[in-house]
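Some notes on the structure that comes next.
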Amino acid sequence: MFKNILRIVIALIFLVSGFVKAVDVVGFSFKLEEYFSPAVFNMPFFEKQALIIAIIVVVLELVLGFFLLLKSYLKFTLTALLALCVFFAFLTFYSAYFNVVTDCGCFGDALKLTPWQSFWKDIILLIGLAVLYFLYRNEFEEPEEKTQFKKYLSAFAFMTMVFVINWGITHEPVIDFRDYKIGTDMKLERKKTDKNPSIFKTFYVLKNEKTGETLEVNQDEYVNDKKYWETGSPWKIDEAKTTSKMTKQGYESEIGKFKPETADGKDLTDEILNAPKAILIFAYKPKEANINVLAQAEAIINQEKSAFVHGISTEPDTFKTLPNATMDGTAIKTIARSNPFVLTLENGKIVDKRSAEDYIKQKK
């Protein structure tokens with residue numbers, strides 16, 4: 001009884017984890033790009049193949065989780081899941097210990113976990129899988145019962161997986177777990193963030209040049225105690241160890257990072273959010289965007305005479321017939337999974353979002 005419950009629980013964890021990543025496999029590929037970037041593992045080749053790797057990982061999670069649920073190919077399934085967990089545990093430990101990736105993306109945007117939470121989750125799964133391997137070791141060679149129900153269920157699960165992954169790549173996620181989902185009032189979200197912001201403080205590591213003693217103090221403690229900074233003080237700041245830490249958790253929303261600016265530095269946020277209607281076209285990798293799609297989308301958007309229209313990308317001259325604005329590439333990726341992508345707002349509320357290709361088809 002216990003081993004069956006444990007097997008089902010672990011299988012469901014992998015299925016849920018795989019599904020939320022499958023829904024937004026492009027978003028998961030962005031997370032993998034962070035791991036492969038120069039700041040982390042410095043693997044530029046894998047960075048370019050992030051989407052393919054993301055698909056492989058998602059398919060493995062879903063297929064192996066499904067096999068475990070149905071108790072199919074048990075020895076292979078448990079061995080493969082153990083290997084997958086070891087891989088994830090390494091990634092999450094590295095990102096937690098070195099503080100290089102703040103969210104592993106294990107459950108996509110549906111559930112945010114800190115690196116240490118992700119690491120301990122992987123360790124618990126590893127232990128659970130090891131226990132399952134031990135408990136089921138005598139059943140590995142038993143012939144598997146194949147039924148029509150299993151065949152039909154497997155076929156349905158496979159087609160669903162292909163559809164969900166493909167739709168998320170060619171359009172937008174079937175289910176949107178992001179802060180920028182349709183119906184979100186961006187003005188209200190900004191007010192919540194402004195009213196309850198997170199507070200960060202600078203922490204200094206000080207070394208006493210006379211005694212060799214070291215200690216860590218925050219910016220307030222440093223300023224308020226003159227023994228640390230007065231003339232002749234033996235306490236010296238170790239600049240290499242200066243850090244910024246959150247001292248108060250405020251209201252968190254990715255919308256707080258929405259800040260398009262013109263070439264001369266003008267912040268367009270309020271103008272966009274207060275407009276009766278705003279249509280924005282984004283490109284997080286403008287040099288890789290389809291030129292024809294960009295031109296067609298711009299032509300259609302230009303016909304919206306009563307709307308506030310702008311093109312937003314990481315470059316100041318991406319759009320040829322629309323006013324240009326720039327924004328951080330990571331912030332754009334949080335909004336848009338397609339490149340290019342169109343977002344429509346009414347009084348700051350998101351009423352439509354779709355790839356530029358789908359936007360063109362909708363307007364034709």
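We name chains A, B, ... following the order of the structure tokens; residues begin at 1 in each chain, and ligands are numbered from 1 as shown.
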Legend entry - Within 7 Å of Thr269 (chain A) using only C-alpha atoms, minus same-chain residues under 2 positions, as number ranges by chain: A: 259-260, 267, 271-273
Extract, using only C-alpha atoms, all DNA, RNA and protein residues at most 12 Å from region 293-295 of chain A, discarding same-chain residues fewer than 2 positions from it, and format them as an mmCIF file with all heavy atoms, in the first residue's frame.
data_model
loop_
_atom_site.group_PDB
_atom_site.id
_atom_site.type_symbol
_atom_site.label_atom_id
_atom_site.label_comp_id
_atom_site.auth_asym_id
_atom_site.auth_seq_id
_atom_site.Cartn_x
_atom_site.Cartn_y
_atom_site.Cartn_z
ATOM 1 N N ILE A 281 4.061 46.481 -29.682
ATOM 2 C CA ILE A 281 4.681 45.328 -30.316
ATOM 3 C C ILE A 281 6.091 45.185 -29.749
ATOM 4 O O ILE A 281 6.846 46.159 -29.696
ATOM 5 C CB ILE A 281 4.694 45.448 -31.861
ATOM 6 C CG1 ILE A 281 5.388 44.219 -32.471
ATOM 7 C CG2 ILE A 281 5.316 46.732 -32.338
ATOM 8 C CD1 ILE A 281 5.211 44.106 -33.982
ATOM 9 N N PHE A 282 6.410 43.987 -29.281
ATOM 10 C CA PHE A 282 7.688 43.718 -28.621
ATOM 11 C C PHE A 282 8.572 42.814 -29.477
ATOM 12 O O PHE A 282 8.077 41.951 -30.217
ATOM 13 C CB PHE A 282 7.461 43.003 -27.283
ATOM 14 C CG PHE A 282 6.746 43.831 -26.249
ATOM 15 C CD1 PHE A 282 5.363 43.847 -26.189
ATOM 16 C CD2 PHE A 282 7.466 44.567 -25.320
ATOM 17 C CE1 PHE A 282 4.702 44.587 -25.226
ATOM 18 C CE2 PHE A 282 6.821 45.316 -24.355
ATOM 19 C CZ PHE A 282 5.442 45.332 -24.303
ATOM 20 N N ALA A 283 9.878 42.989 -29.316
ATOM 21 C CA ALA A 283 10.857 42.078 -29.920
ATOM 22 C C ALA A 283 12.047 41.980 -28.968
ATOM 23 O O ALA A 283 12.777 42.959 -28.794
ATOM 24 C CB ALA A 283 11.315 42.579 -31.284
ATOM 25 N N PRO A 286 15.495 41.484 -31.618
ATOM 26 C CA PRO A 286 15.066 42.156 -32.857
ATOM 27 C C PRO A 286 15.809 41.690 -34.108
ATOM 28 O O PRO A 286 15.223 41.637 -35.188
ATOM 29 C CB PRO A 286 15.344 43.639 -32.572
ATOM 30 C CG PRO A 286 16.272 43.663 -31.411
ATOM 31 C CD PRO A 286 15.957 42.456 -30.612
ATOM 32 N N LYS A 287 17.071 41.315 -33.979
ATOM 33 C CA LYS A 287 17.844 40.879 -35.139
ATOM 34 C C LYS A 287 17.409 39.511 -35.646
ATOM 35 O O LYS A 287 17.700 39.135 -36.774
ATOM 36 C CB LYS A 287 19.338 40.876 -34.810
ATOM 37 C CG LYS A 287 19.899 42.278 -34.580
ATOM 38 C CD LYS A 287 21.370 42.250 -34.233
ATOM 39 C CE LYS A 287 21.896 43.663 -33.984
ATOM 40 N NZ LYS A 287 23.321 43.674 -33.572
ATOM 41 N N GLU A 288 16.717 38.751 -34.800
ATOM 42 C CA GLU A 288 16.234 37.425 -35.190
ATOM 43 C C GLU A 288 14.762 37.436 -35.580
ATOM 44 O O GLU A 288 14.227 36.414 -36.018
ATOM 45 C CB GLU A 288 16.463 36.429 -34.050
ATOM 46 C CG GLU A 288 17.934 36.218 -33.709
ATOM 47 C CD GLU A 288 18.126 35.237 -32.562
ATOM 48 O OE1 GLU A 288 17.164 34.507 -32.244
ATOM 49 O OE2 GLU A 288 19.231 35.195 -31.987
ATOM 50 N N ALA A 289 14.097 38.576 -35.413
ATOM 51 C CA ALA A 289 12.671 38.674 -35.745
ATOM 52 C C ALA A 289 12.470 38.674 -37.257
ATOM 53 O O ALA A 289 13.286 39.227 -38.006
ATOM 54 C CB ALA A 289 12.077 39.935 -35.137
ATOM 55 N N ASN A 290 11.383 38.052 -37.714
ATOM 56 C CA ASN A 290 11.053 37.998 -39.132
ATOM 57 C C ASN A 290 10.708 39.404 -39.628
ATOM 58 O O ASN A 290 9.763 40.035 -39.150
ATOM 59 C CB ASN A 290 9.870 37.056 -39.348
ATOM 60 C CG ASN A 290 9.565 36.822 -40.801
ATOM 61 O OD1 ASN A 290 9.303 37.755 -41.557
ATOM 62 N ND2 ASN A 290 9.590 35.564 -41.211
ATOM 63 N N ILE A 291 11.487 39.908 -40.586
ATOM 64 C CA ILE A 291 11.313 41.275 -41.096
ATOM 65 C C ILE A 291 9.929 41.476 -41.705
ATOM 66 O O ILE A 291 9.286 42.514 -41.506
ATOM 67 C CB ILE A 291 12.398 41.600 -42.141
ATOM 68 C CG1 ILE A 291 13.782 41.561 -41.482
ATOM 69 C CG2 ILE A 291 12.167 42.974 -42.755
ATOM 70 C CD1 ILE A 291 14.930 41.727 -42.466
ATOM 71 N N ALA A 297 2.869 43.650 -39.218
ATOM 72 C CA ALA A 297 2.279 44.001 -37.924
ATOM 73 C C ALA A 297 2.301 45.514 -37.720
ATOM 74 O O ALA A 297 1.309 46.104 -37.252
ATOM 75 C CB ALA A 297 3.043 43.300 -36.798
ATOM 76 N N GLU A 298 3.407 46.147 -38.090
ATOM 77 C CA GLU A 298 3.495 47.609 -37.968
ATOM 78 C C GLU A 298 2.432 48.296 -38.813
ATOM 79 O O GLU A 298 1.793 49.264 -38.377
ATOM 80 C CB GLU A 298 4.884 48.084 -38.398
ATOM 81 C CG GLU A 298 5.971 47.840 -37.370
ATOM 82 C CD GLU A 298 7.273 48.535 -37.741
ATOM 83 O OE1 GLU A 298 7.269 49.784 -37.807
ATOM 84 O OE2 GLU A 298 8.287 47.854 -37.959
ATOM 85 N N ALA A 299 2.223 47.804 -40.037
ATOM 86 C CA ALA A 299 1.241 48.413 -40.937
ATOM 87 C C ALA A 299 -0.163 48.331 -40.342
ATOM 88 O O ALA A 299 -0.939 49.301 -40.409
ATOM 89 C CB ALA A 299 1.286 47.717 -42.294
ATOM 90 N N ILE A 300 -0.489 47.198 -39.732
ATOM 91 C CA ILE A 300 -1.819 47.027 -39.131
ATOM 92 C C ILE A 300 -1.961 47.913 -37.891
ATOM 93 O O ILE A 300 -2.985 48.581 -37.688
ATOM 94 C CB ILE A 300 -2.051 45.542 -38.769
ATOM 95 C CG1 ILE A 300 -2.126 44.697 -40.046
ATOM 96 C CG2 ILE A 300 -3.327 45.387 -37.948
ATOM 97 C CD1 ILE A 300 -2.149 43.205 -39.798
ATOM 98 N N ILE A 301 -0.934 47.941 -37.053
ATOM 99 C CA ILE A 301 -0.980 48.742 -35.826
ATOM 100 C C ILE A 301 -1.096 50.231 -36.145
ATOM 101 O O ILE A 301 -1.789 50.980 -35.449
ATOM 102 C CB ILE A 301 0.260 48.453 -34.952
ATOM 103 C CG1 ILE A 301 0.203 47.014 -34.416
ATOM 104 C CG2 ILE A 301 0.359 49.438 -33.784
ATOM 105 C CD1 ILE A 301 1.464 46.554 -33.719
ATOM 106 N N ASN A 302 -0.454 50.659 -37.219
ATOM 107 C CA ASN A 302 -0.504 52.068 -37.624
ATOM 108 C C ASN A 302 -1.907 52.525 -38.007
ATOM 109 O O ASN A 302 -2.194 53.727 -38.022
ATOM 110 C CB ASN A 302 0.460 52.325 -38.782
ATOM 111 C CG ASN A 302 1.841 52.733 -38.289
ATOM 112 O OD1 ASN A 302 1.970 53.527 -37.369
ATOM 113 N ND2 ASN A 302 2.883 52.184 -38.899
ATOM 114 N N GLY A 311 6.590 50.584 -30.556
ATOM 115 C CA GLY A 311 7.384 49.373 -30.701
ATOM 116 C C GLY A 311 8.417 49.344 -29.589
ATOM 117 O O GLY A 311 9.086 50.347 -29.329
ATOM 118 N N ILE A 312 8.543 48.201 -28.901
ATOM 119 C CA ILE A 312 9.463 48.101 -27.762
ATOM 120 C C ILE A 312 10.407 46.922 -27.968
ATOM 121 O O ILE A 312 9.957 45.790 -28.188
ATOM 122 C CB ILE A 312 8.682 47.927 -26.442
ATOM 123 C CG1 ILE A 312 7.719 49.103 -26.240
ATOM 124 C CG2 ILE A 312 9.639 47.812 -25.254
ATOM 125 C CD1 ILE A 312 6.763 48.920 -25.068
ATOM 126 N N SER A 313 11.696 47.190 -27.911
ATOM 127 C CA SER A 313 12.682 46.124 -28.069
ATOM 128 C C SER A 313 13.941 46.482 -27.293
ATOM 129 O O SER A 313 13.964 47.441 -26.527
ATOM 130 C CB SER A 313 13.004 45.915 -29.552
ATOM 131 O OG SER A 313 13.844 46.950 -30.030
ATOM 132 N N THR A 318 14.552 49.424 -33.952
ATOM 133 C CA THR A 318 14.008 48.165 -34.484
ATOM 134 C C THR A 318 12.839 48.411 -35.433
ATOM 135 O O THR A 318 12.738 47.784 -36.488
ATOM 136 C CB THR A 318 13.551 47.253 -33.323
ATOM 137 O OG1 THR A 318 14.669 46.952 -32.497
ATOM 138 C CG2 THR A 318 12.944 45.959 -33.853
ATOM 139 N N PHE A 319 11.952 49.322 -35.066
ATOM 140 C CA PHE A 319 10.704 49.510 -35.805
ATOM 141 C C PHE A 319 10.832 50.700 -36.757
ATOM 142 O O PHE A 319 11.337 51.758 -36.375
ATOM 143 C CB PHE A 319 9.546 49.687 -34.816
ATOM 144 C CG PHE A 319 9.439 48.541 -33.852
ATOM 145 C CD1 PHE A 319 10.041 48.609 -32.602
ATOM 146 C CD2 PHE A 319 8.783 47.379 -34.214
ATOM 147 C CE1 PHE A 319 9.972 47.543 -31.709
ATOM 148 C CE2 PHE A 319 8.707 46.304 -33.332
ATOM 149 C CZ PHE A 319 9.310 46.382 -32.085
ATOM 150 N N LYS A 320 10.377 50.498 -37.989
ATOM 151 C CA LYS A 320 10.603 51.484 -39.043
ATOM 152 C C LYS A 320 9.496 52.525 -39.134
ATOM 153 O O LYS A 320 9.746 53.667 -39.525
ATOM 154 C CB LYS A 320 10.755 50.773 -40.395
ATOM 155 C CG LYS A 320 11.783 49.643 -40.399
ATOM 156 C CD LYS A 320 13.141 50.101 -39.869
ATOM 157 C CE LYS A 320 14.147 48.946 -39.823
ATOM 158 N NZ LYS A 320 15.402 49.341 -39.152
ATOM 159 N N THR A 321 8.263 52.159 -38.803
ATOM 160 C CA THR A 321 7.137 53.098 -38.963
ATOM 161 C C THR A 321 6.436 53.413 -37.648
ATOM 162 O O THR A 321 5.474 54.172 -37.627
ATOM 163 C CB THR A 321 6.103 52.520 -39.953
ATOM 164 O OG1 THR A 321 5.572 51.294 -39.428
ATOM 165 C CG2 THR A 321 6.744 52.258 -41.305
ATOM 166 N N LEU A 322 6.891 52.820 -36.557
ATOM 167 C CA LEU A 322 6.312 53.076 -35.242
ATOM 168 C C LEU A 322 7.333 53.784 -34.359
ATOM 169 O O LEU A 322 8.540 53.614 -34.537
ATOM 170 C CB LEU A 322 5.911 51.760 -34.557
ATOM 171 C CG LEU A 322 4.713 50.992 -35.114
ATOM 172 C CD1 LEU A 322 4.576 49.661 -34.378
ATOM 173 C CD2 LEU A 322 3.434 51.796 -34.984
ATOM 174 N N SER A 338 6.800 35.106 -27.826
ATOM 175 C CA SER A 338 7.013 35.134 -29.277
ATOM 176 C C SER A 338 7.879 36.336 -29.625
ATOM 177 O O SER A 338 7.885 37.334 -28.909
ATOM 178 C CB SER A 338 5.673 35.231 -30.011
ATOM 179 O OG SER A 338 4.796 34.209 -29.587
ATOM 180 N N ASN A 339 8.558 36.231 -30.729
ATOM 181 C CA ASN A 339 9.459 37.307 -31.165
ATOM 182 C C ASN A 339 9.263 37.542 -32.667
ATOM 183 O O ASN A 339 9.805 36.803 -33.473
ATOM 184 C CB ASN A 339 10.915 36.885 -30.896
ATOM 185 C CG ASN A 339 11.930 37.962 -31.250
ATOM 186 O OD1 ASN A 339 11.788 39.099 -30.833
ATOM 187 N ND2 ASN A 339 12.933 37.607 -32.039
ATOM 188 N N PRO A 340 8.418 38.555 -33.045
ATOM 189 C CA PRO A 340 7.785 39.611 -32.241
ATOM 190 C C PRO A 340 6.435 39.196 -31.648
ATOM 191 O O PRO A 340 5.917 38.123 -31.955
ATOM 192 C CB PRO A 340 7.611 40.731 -33.258
ATOM 193 C CG PRO A 340 7.433 40.021 -34.561
ATOM 194 C CD PRO A 340 8.292 38.790 -34.492
ATOM 195 N N PHE A 341 5.868 40.109 -30.853
ATOM 196 C CA PHE A 341 4.695 39.818 -30.041
ATOM 197 C C PHE A 341 3.888 41.106 -29.854
ATOM 198 O O PHE A 341 4.465 42.190 -29.786
ATOM 199 C CB PHE A 341 5.187 39.307 -28.680
ATOM 200 C CG PHE A 341 4.130 39.136 -27.639
ATOM 201 C CD1 PHE A 341 3.489 37.919 -27.495
ATOM 202 C CD2 PHE A 341 3.791 40.169 -26.775
ATOM 203 C CE1 PHE A 341 2.526 37.740 -26.508
ATOM 204 C CE2 PHE A 341 2.832 40.001 -25.790
ATOM 205 C CZ PHE A 341 2.200 38.777 -25.667
ATOM 206 N N VAL A 342 2.544 41.000 -29.802
ATOM 207 C CA VAL A 342 1.696 42.192 -29.673
ATOM 208 C C VAL A 342 0.863 42.114 -28.394
ATOM 209 O O VAL A 342 0.207 41.107 -28.119
ATOM 210 C CB VAL A 342 0.764 42.352 -30.894
ATOM 211 C CG1 VAL A 342 -0.119 43.586 -30.732
ATOM 212 C CG2 VAL A 342 1.579 42.455 -32.183
ATOM 213 N N SER A 355 1.151 36.309 -30.482
ATOM 214 C CA SER A 355 2.307 36.475 -31.356
ATOM 215 C C SER A 355 1.931 37.423 -32.484
ATOM 216 O O SER A 355 0.747 37.557 -32.837
ATOM 217 C CB SER A 355 2.738 35.119 -31.928
ATOM 218 O OG SER A 355 1.771 34.639 -32.857
ATOM 219 N N ALA A 356 2.930 38.085 -33.057
ATOM 220 C CA ALA A 356 2.652 39.029 -34.146
ATOM 221 C C ALA A 356 1.997 38.313 -35.322
ATOM 222 O O ALA A 356 1.116 38.876 -35.989
ATOM 223 C CB ALA A 356 3.947 39.710 -34.577
ATOM 224 N N GLU A 357 2.401 37.084 -35.583
ATOM 225 C CA GLU A 357 1.798 36.316 -36.691
ATOM 226 C C GLU A 357 0.324 36.077 -36.435
ATOM 227 O O GLU A 357 -0.500 36.215 -37.345
ATOM 228 C CB GLU A 357 2.542 34.987 -36.863
ATOM 229 C CG GLU A 357 3.963 35.143 -37.409
ATOM 230 C CD GLU A 357 4.597 33.817 -37.765
ATOM 231 O OE1 GLU A 357 3.854 32.874 -38.078
ATOM 232 O OE2 GLU A 357 5.834 33.730 -37.745
ATOM 233 N N ASP A 358 -0.026 35.708 -35.200
ATOM 234 C CA ASP A 358 -1.447 35.497 -34.870
ATOM 235 C C ASP A 358 -2.208 36.817 -34.894
ATOM 236 O O ASP A 358 -3.389 36.849 -35.249
ATOM 237 C CB ASP A 358 -1.558 34.838 -33.492
ATOM 238 C CG ASP A 358 -1.207 33.363 -33.524
ATOM 239 O OD1 ASP A 358 -1.184 32.785 -34.625
ATOM 240 O OD2 ASP A 358 -0.935 32.795 -32.449
ATOM 241 N N TYR A 359 -1.559 37.882 -34.506
ATOM 242 C CA TYR A 359 -2.185 39.213 -34.533
ATOM 243 C C TYR A 359 -2.529 39.601 -35.969
ATOM 244 O O TYR A 359 -3.626 40.116 -36.238
ATOM 245 C CB TYR A 359 -1.242 40.246 -33.905
ATOM 246 C CG TYR A 359 -1.813 41.639 -33.859
ATOM 247 C CD1 TYR A 359 -2.730 42.005 -32.868
ATOM 248 C CD2 TYR A 359 -1.442 42.599 -34.796
ATOM 249 C CE1 TYR A 359 -3.250 43.299 -32.812
ATOM 250 C CE2 TYR A 359 -1.949 43.902 -34.755
ATOM 251 C CZ TYR A 359 -2.859 44.237 -33.753
ATOM 252 O OH TYR A 359 -3.376 45.520 -33.718
ATOM 253 N N ILE A 360 -1.613 39.337 -36.875
ATOM 254 C CA ILE A 360 -1.844 39.641 -38.299
ATOM 255 C C ILE A 360 -3.017 38.818 -38.824
ATOM 256 O O ILE A 360 -3.899 39.335 -39.527
ATOM 257 C CB ILE A 360 -0.561 39.356 -39.110
ATOM 258 C CG1 ILE A 360 0.556 40.352 -38.733
ATOM 259 C CG2 ILE A 360 -0.840 39.445 -40.609
ATOM 260 C CD1 ILE A 360 1.929 39.956 -39.220
ATOM 261 N N LYS A 361 -3.043 37.521 -38.491
ATOM 262 C CA LYS A 361 -4.125 36.651 -38.962
ATOM 263 C C LYS A 361 -5.473 37.110 -38.403
ATOM 264 O O LYS A 361 -6.493 37.069 -39.089
ATOM 265 C CB LYS A 361 -3.860 35.214 -38.521
ATOM 266 C CG LYS A 361 -2.680 34.548 -39.229
ATOM 267 C CD LYS A 361 -2.407 33.175 -38.653
ATOM 268 C CE LYS A 361 -1.173 32.539 -39.292
ATOM 269 N NZ LYS A 361 -0.847 31.246 -38.658
#
Per residue of region 25-128 of chain A within 9 Å of region 4-16 of chain A, record the nearest atom pair and its distance in Å to one decimal, counting only C-alpha atoms, with rows in chain order and ascending residue number, as JSON lines.
{"residue": "A:Glu61", "atom": "CA", "partner": "A:Phe14", "partner_atom": "CA", "distance": 5.8}
{"residue": "A:Leu62", "atom": "CA", "partner": "A:Leu15", "partner_atom": "CA", "distance": 5.2}
{"residue": "A:Val63", "atom": "CA", "partner": "A:Leu15", "partner_atom": "CA", "distance": 8.3}
{"residue": "A:Leu64", "atom": "CA", "partner": "A:Phe14", "partner_atom": "CA", "distance": 7.9}
{"residue": "A:Gly65", "atom": "CA", "partner": "A:Ala11", "partner_atom": "CA", "distance": 4.6}
{"residue": "A:Phe66", "atom": "CA", "partner": "A:Ala11", "partner_atom": "CA", "distance": 6.7}
{"residue": "A:Phe67", "atom": "CA", "partner": "A:Ala11", "partner_atom": "CA", "distance": 8.2}
{"residue": "A:Leu68", "atom": "CA", "partner": "A:Ala11", "partner_atom": "CA", "distance": 5.6}
{"residue": "A:Leu69", "atom": "CA", "partner": "A:Ala11", "partner_atom": "CA", "distance": 5.3}
{"residue": "A:Leu70", "atom": "CA", "partner": "A:Ile8", "partner_atom": "CA", "distance": 8.7}
{"residue": "A:Lys71", "atom": "CA", "partner": "A:Arg7", "partner_atom": "CA", "distance": 8.4}
{"residue": "A:Phe107", "atom": "CA", "partner": "A:Val16", "partner_atom": "CA", "distance": 7.7}
{"residue": "A:Leu125", "atom": "CA", "partner": "A:Ile10", "partner_atom": "CA", "distance": 7.2}
{"residue": "A:Gly128", "atom": "CA", "partner": "A:Leu6", "partner_atom": "CA", "distance": 7.4}
Output for the residues just chosen: all heavy atoms as a CSV table (one decimal), in the first residue's frame:
chain,number,residue,atom,x,y,z
A,61,GLU,N,10.4,14.3,-18.4
A,61,GLU,CA,9.7,14.4,-17.2
A,61,GLU,C,8.3,13.9,-17.4
A,61,GLU,O,7.8,13.1,-16.5
A,61,GLU,CB,9.6,15.9,-16.7
A,61,GLU,CG,10.7,16.3,-15.9
A,61,GLU,CD,10.4,17.6,-15.1
A,61,GLU,OE1,10.4,18.7,-15.8
A,61,GLU,OE2,10.1,17.6,-13.9
A,62,LEU,N,7.6,14.2,-18.5
A,62,LEU,CA,6.2,13.8,-18.7
A,62,LEU,C,6.1,12.3,-19.0
A,62,LEU,O,5.3,11.6,-18.4
A,62,LEU,CB,5.6,14.6,-19.8
A,62,LEU,CG,5.3,16.1,-19.5
A,62,LEU,CD1,4.8,16.8,-20.8
A,62,LEU,CD2,4.2,16.1,-18.5
A,63,VAL,N,7.0,11.8,-19.8
A,63,VAL,CA,6.9,10.4,-20.2
A,63,VAL,C,7.3,9.5,-19.0
A,63,VAL,O,6.6,8.5,-18.7
A,63,VAL,CB,7.9,10.1,-21.4
A,63,VAL,CG1,8.0,8.6,-21.7
A,63,VAL,CG2,7.4,10.8,-22.7
A,64,LEU,N,8.4,9.9,-18.3
A,64,LEU,CA,8.8,9.1,-17.2
A,64,LEU,C,7.8,9.1,-16.0
A,64,LEU,O,7.5,8.1,-15.4
A,64,LEU,CB,10.2,9.5,-16.7
A,64,LEU,CG,11.4,9.2,-17.7
A,64,LEU,CD1,12.6,9.9,-17.2
A,64,LEU,CD2,11.6,7.8,-17.9
A,65,GLY,N,7.3,10.3,-15.8
A,65,GLY,CA,6.2,10.5,-14.8
A,65,GLY,C,5.0,9.6,-15.1
A,65,GLY,O,4.4,9.0,-14.3
A,66,PHE,N,4.6,9.6,-16.4
A,66,PHE,CA,3.5,8.8,-16.9
A,66,PHE,C,3.8,7.3,-16.7
A,66,PHE,O,2.9,6.6,-16.3
A,66,PHE,CB,3.2,9.2,-18.4
A,66,PHE,CG,2.0,8.5,-18.9
A,66,PHE,CD1,0.7,9.0,-18.5
A,66,PHE,CD2,2.0,7.5,-19.8
A,66,PHE,CE1,-0.5,8.4,-19.0
A,66,PHE,CE2,0.9,6.9,-20.3
A,66,PHE,CZ,-0.4,7.3,-19.9
A,67,PHE,N,5.0,6.9,-17.1
A,67,PHE,CA,5.4,5.5,-17.0
A,67,PHE,C,5.3,5.1,-15.5
A,67,PHE,O,4.8,4.0,-15.2
A,67,PHE,CB,6.8,5.3,-17.5
A,67,PHE,CG,6.9,5.1,-19.0
A,67,PHE,CD1,8.1,5.1,-19.6
A,67,PHE,CD2,5.7,5.0,-19.8
A,67,PHE,CE1,8.2,5.0,-21.0
A,67,PHE,CE2,5.8,4.9,-21.1
A,67,PHE,CZ,7.1,4.9,-21.8
A,68,LEU,N,5.8,6.0,-14.6
A,68,LEU,CA,5.8,5.6,-13.2
A,68,LEU,C,4.4,5.5,-12.7
A,68,LEU,O,4.1,4.6,-11.8
A,68,LEU,CB,6.6,6.7,-12.4
A,68,LEU,CG,6.8,6.4,-10.9
A,68,LEU,CD1,7.6,5.1,-10.7
A,68,LEU,CD2,7.5,7.6,-10.2
A,69,LEU,N,3.5,6.4,-13.1
A,69,LEU,CA,2.1,6.4,-12.7
A,69,LEU,C,1.4,5.0,-13.1
A,69,LEU,O,0.7,4.4,-12.3
A,69,LEU,CB,1.3,7.5,-13.3
A,69,LEU,CG,-0.1,7.7,-12.8
A,69,LEU,CD1,-0.1,8.1,-11.4
A,69,LEU,CD2,-0.8,8.8,-13.7
A,70,LEU,N,1.7,4.6,-14.3
A,70,LEU,CA,1.1,3.3,-14.8
A,70,LEU,C,2.0,2.1,-14.4
A,70,LEU,O,1.6,1.0,-14.8
A,70,LEU,CB,1.0,3.4,-16.3
A,70,LEU,CG,0.1,4.5,-16.9
A,70,LEU,CD1,0.0,4.3,-18.4
A,70,LEU,CD2,-1.3,4.4,-16.3
A,71,LYS,N,3.1,2.3,-13.8
A,71,LYS,CA,4.0,1.2,-13.4
A,71,LYS,C,4.5,0.5,-14.6
A,71,LYS,O,4.6,-0.8,-14.6
A,71,LYS,CB,3.3,0.3,-12.4
A,71,LYS,CG,4.2,-0.3,-11.3
A,71,LYS,CD,3.5,-0.9,-10.2
A,71,LYS,CE,3.0,-2.3,-10.6
A,71,LYS,NZ,2.5,-3.1,-9.4
A,107,PHE,N,8.9,24.6,-11.6
A,107,PHE,CA,7.4,24.5,-11.8
A,107,PHE,C,7.0,25.7,-12.6
A,107,PHE,O,5.9,26.3,-12.4
A,107,PHE,CB,6.7,24.5,-10.5
A,107,PHE,CG,6.9,23.2,-9.7
A,107,PHE,CD1,7.9,23.1,-8.7
A,107,PHE,CD2,6.1,22.1,-10.0
A,107,PHE,CE1,8.0,21.9,-8.1
A,107,PHE,CE2,6.2,20.9,-9.3
A,107,PHE,CZ,7.2,20.8,-8.4
A,125,LEU,N,13.0,14.1,-3.5
A,125,LEU,CA,12.6,13.2,-4.6
A,125,LEU,C,13.6,12.1,-4.8
A,125,LEU,O,13.2,11.0,-5.1
A,125,LEU,CB,12.4,14.1,-5.9
A,125,LEU,CG,11.1,14.9,-6.0
A,125,LEU,CD1,11.2,15.7,-7.3
A,125,LEU,CD2,9.9,14.0,-6.0
A,128,GLY,N,13.0,9.6,-2.2
A,128,GLY,CA,11.7,8.9,-2.5
A,128,GLY,C,11.9,7.9,-3.6
A,128,GLY,O,11.4,6.7,-3.5
Inset, instruction - as a PyMOL selection string, list the residues of region 26-245 of chain A assigned to alpha helix (DSSP H) by DSSP on the backbone atoms of this structure. - result: chain A and resi 26-36+44-48+50-70+74-97+115-135+148-170+186-195+219-224
Inset, instruction - Considering only C-alpha atoms, state which residue in the set A:Thr214, A:Ser95, A:Thr79, A:Thr202 is at the smallest distance from Leu32 (chain A). - result: A:Ser95
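In terms of minimum interatomic distance to Lys305 (chain A), A:Ala278 ranks closest within A:Ile52, A:Met43, A:Leu82, A:Ala278, counting only C-alpha atoms.
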Legend entry - Nearest-residue call for Glu209 (chain A), choices A:Val351, A:Val309, A:Leu113, A:Ile237, using only C-alpha atoms: A:Ile237
Legend entry - For Glu346 (chain A): contacts at 12 Å, only C-alpha atoms, fewer than 4 positions along chain excluded, given as a VMD selection string: chain A and resid 182 to 187 271 to 280 306 to 308 350 to 352
Inset, instruction - Could you tell me how far CA of Leu188 (chain A) lies from CA of Glu254 (chain A), in Å and to one decimal? - result: 12.8 Å
Inset, instruction - Compare A:Val26, A:Gly18, A:Pro197, A:Lys333 by their minimum atom-to-atom distance to Met161 (chain A), counting only C-alpha atoms, and give me the closest one. - result: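 Smallest separation from Met161 (chain A) among the options: A:Gly18.
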Spatial neighbours of Trp120 (chain A), max dist 9 Å, only C-alpha atoms, sep filter under 3 positions, as a tab-separated table (two decimals) with C-alpha atoms, in the first residue's frame:
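Generated file (out-v9.tsv):
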chain	number	residue	atom	x	y	z
A	89	ALA	CA	19.98	18.56	-7.84
A	92	THR	CA	19.85	23.75	-8.12
A	93	PHE	CA	22.72	23.31	-5.65
A	115	PRO	CA	17.22	27.75	-5.33
A	116	TRP	CA	17.60	26.19	-1.87
A	117	GLN	CA	13.93	25.16	-1.81
A	123	ILE	CA	16.92	15.71	-2.52
A	124	ILE	CA	13.55	14.58	-1.13
A	125	LEU	CA	12.58	13.24	-4.57
